[in-house]
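Colleague: Could you have a look at this structure, given as structure tokens, before my questions?
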Amino acid sequence: MKKALITGIAGQDGSFLAEFLLSKNYEVIGLAKKEFTTSENIENIQDKIKIINGDVADFDSVLKTVKDIKPDEIYNLAAQSFVADSWNNPSITAQCNALGPVNILESIKRESPNTKFFQASTCEIFGKPKDSPQTEETAIHPITPYGIAKLYAHLMVETYRKNYGVFASCGILFNHESERRGKQFVTRKISNSVASIKLGLLDHIELGNLNSQRDWGYAPDYVKGMYLMLQQEKSDDFILATGKPVKVRDFCNIAFLSAGIELEWEGSGLEEKGIDKKTGKTLVKVNPKFFRPTESNIYVGNPQKAETQLNWKREVSFEQMVEKMVQHDLELLKK
């Protein structure tokens with residue numbers, strides 16, 4: 001039986017990955033801060049996994065964990081994952097997102113050289129890309145504290161791979177969402193607000209740039225890609241994406257339709273509103289406080305390398321993903 005160590009196991013990706021690896025008959029161990037060990041994301045598998053209290057930013061605890069377990073695979077999904085927060089907490093972001101992965105790589109080098117390592121990289125390392133769609137060869141120039149910290153880890157993976165022979169792969173992950181996404185993220189904010197509006201618990205939702213576009217996929221599909229990267233003979237970096245950018249406004253349209261509400265749009269810029277076509281009530285407003293300090297160009301990834309070399313496939317469409325999120329939040333709020 002293979003052993004996998006997942007950092008950030010209580011998060012969206014970590015919990016889906018744990019479930020997937022359990023289905024592959026893995027022994028799954030999670031490394032998580034104490035406050036995250038009882039997350040509802042892992043309630044249904046709590047008796048099937050082992051949780052170790054720890055922090056990737058603490059080298060001694062990471063080193064001891066790797067030495068004691070000597071896992072076959074390590075998936076580093078622990079991160080300060082909200083880009084907007086990285087502006088307010090750049091130091092914490094750097095400790096977790098930049099130094100944390102290096103602590104794991106160094107621990108593998110010292111104590112468990114046969115362990116295969118996956119690092120969750122991000123499309124934010126591209127900054128304002130000149131190429132669209134982005135590929136693994138696109139020039140890298142991050143413009144946010146989050147992206148800069150992730151780039152440090154991304155480059156250190158390459159360094160340990162080339163200089164120490166560590167099997168270390170980066171998944172350059174474009175936006176991927178699910179019903180387990182944190183409510184501070186715009187996608188879950190929308191699905192939760194739509195459900196609240198549908199049930200009469202909320203009057204309207206306020207959002208930032210409705211023209212902002214992202215390449216949005218479904219998280220469970222992406223964790224399968226992570227797994228496939230560590231089943232290869234050689235480590236490498238792969239983009240996981242859909243190749244299709246979608247505007248926030250269109251995400252709203254599909255989310256409201258999933259709840260039986262059709263929107264029509266009036267105005268432009270800060271004055272734009274999403275109105276219930278049936279009742280005439282304003283349900284979506286623009287609020288400039290939700291605009292990012294730097295509004296990036298369109299992130300859209302080319303997943304051809306992963307599709308060809310890993311045989312990676314996406315099973316859930318964008319529309320299906322949004323519907324899953326809204327229906328989940330409707331059920332959650334009804335309870």
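Chain lettering (A, B, ...) mirrors the order of the structure tokens, residue numbering begins at 1 for each chain separately, and ligand numbering begins at 1 in order of display.
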Please identify the alpha helix (DSSP H) residues within stretch 17-204 of chain A (assignment by DSSP from backbone atoms) and present them as a PyMOL selection string.
Modeller: chain A and resi 17-23+59-69+83-88+90-94+100-111+145-164+186-198
Colleague: With only C-alpha atoms as the counted atoms, please give the residues lying no more than 6 Å from A:Leu263, apart from itself and same-chain residues fewer than 6 positions off, as an mmCIF file with C-alpha atoms, in the first residue's frame.
Modeller:
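Resulting contents of out.cif:
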```cif
data_model
loop_
_atom_site.group_PDB
_atom_site.id
_atom_site.type_symbol
_atom_site.label_atom_id
_atom_site.label_comp_id
_atom_site.auth_asym_id
_atom_site.auth_seq_id
_atom_site.Cartn_x
_atom_site.Cartn_y
_atom_site.Cartn_z
ATOM 1 C CA GLY A 274 -27.891 42.708 -12.942
ATOM 2 C CA ILE A 275 -31.677 42.750 -12.822
ATOM 3 C CA ASP A 276 -34.173 39.932 -12.349
ATOM 4 C CA LYS A 277 -35.865 39.787 -15.754
#
```
Colleague: May I have all residues of stretch 53-179 of chain A that DSSP, computed from the backbone, assigns to strand (DSSP E), given as a list in words?
Modeller: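 Residues of stretch 53-179 of chain A classed as strand (DSSP E): Asn53, Glu73, Ile74, Tyr75, Asn76, Lys116, Phe117, Phe118, Gln119, Ala120, Ser121, Thr122, Ala168, Ser169, Cys170, Gly171, Ile172, Leu173, His176 and Glu177 of chain A.
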Colleague: Fewer than 2 positions away in the same chain doesn't count, so skip those; otherwise give me all residues within 8 Å of stretch 241-253 of chain A, counting only C-alpha atoms, as number ranges by chain.
Modeller: A: 133, 173-175, 187, 190, 209-217, 239, 255-257, 262-263, 298-303, 314, 322
Colleague: For a quick check of understanding, using only C-alpha atoms, which of A:Phe290, A:Ile143, A:Val56, A:Ala78 has the smallest distance to A:Gln184?
Modeller: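 For A:Gln184, the nearest of the given residues is A:Phe290.
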Colleague: Interatomic distance between atom CA of A:Asp221 and atom CA of A:Ala259?
Modeller: 24.1 Å
Colleague: Could you name the residues that touch A:Gly225 at 8 Å or less, counting only C-alpha atoms, but leaving out those on the same chain fewer than 4 positions away, as a list in words?
Modeller: Asp221, Met229, Leu240, Ala306, Leu310 and Trp312 of chain A
Colleague: List as a list in words the protein and nucleic acid residues near A:Asn41, meaning an atom at most 12 Å away when only C-alpha atoms are counted, but skip any in the same chain fewer than 3 places from it.
Modeller: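 Answer for this query is Gly8, Ile9, Ala10, Gly11, Gln12, Asp13, Gly14, Ser15, Phe16, Leu17, Ala18, Glu19, Phe36, Thr37, Thr38, Asn44, Ile45, Gln46, Ser178, Glu179, Arg180, Arg181 and Gly182 of chain A.
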Colleague: Here is a test: counting only C-alpha atoms, which residue of A:Cys96, A:Val316, A:Ile49, A:Ile125 is nearest to A:Ile140?
Modeller: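 Distance minimum relative to A:Ile140 lands on A:Ile125.
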Colleague: From the list A:Lys313, A:Lys150, A:Lys278, A:Lys183, which residue is nearest A:Tyr222 when using only C-alpha atoms?
Modeller: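 Distance minimum relative to A:Tyr222 lands on A:Lys313.
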Colleague: With distances taken over only C-alpha atoms, which of A:Gly54, A:Asn25, A:Ala149, A:Ala120 is nearest to A:Thr93?
Modeller: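 Between A:Gly54, A:Asn25, A:Ala149, A:Ala120, the residue approaching A:Thr93 most closely is A:Ala149.
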Colleague: Using only C-alpha atoms, which protein or nucleic acid residues come within 9 Å of A:Asn192? Drop anything in the same chain fewer than 3 positions from it, and give the result as a ChimeraX atom specification.
Modeller: /A:183,187-189,195-197,325-326,328-330,333
Colleague: Using only C-alpha atoms, which of the listed residues (A:Gly100, A:Gly269, A:Gly30, A:Gly165) sits closest to A:Leu207?
Modeller: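 Smallest distance to A:Leu207 is found for A:Gly269.
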Colleague: Which is closest to A:Lys2 among A:Glu136, A:Glu106, A:Glu272, A:Glu27, if we use only C-alpha atoms?
Modeller: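 Using only C-alpha atoms, A:Lys2 sits closest to A:Glu27.
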Colleague: Quick one: distance from atom CA of A:Ser169 to atom CA of A:Asp236 in Å, one decimal?
Modeller: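 Atom CA of A:Asp236 lies 4.9 Å from atom CA of A:Ser169.
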Colleague: Could you check how far atom CA of A:Pro288 sits from atom CA of A:Glu206, in Å to one decimal?
Modeller: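 We find that atom CA of A:Pro288 and atom CA of A:Glu206 lie 9.3 Å from each other.
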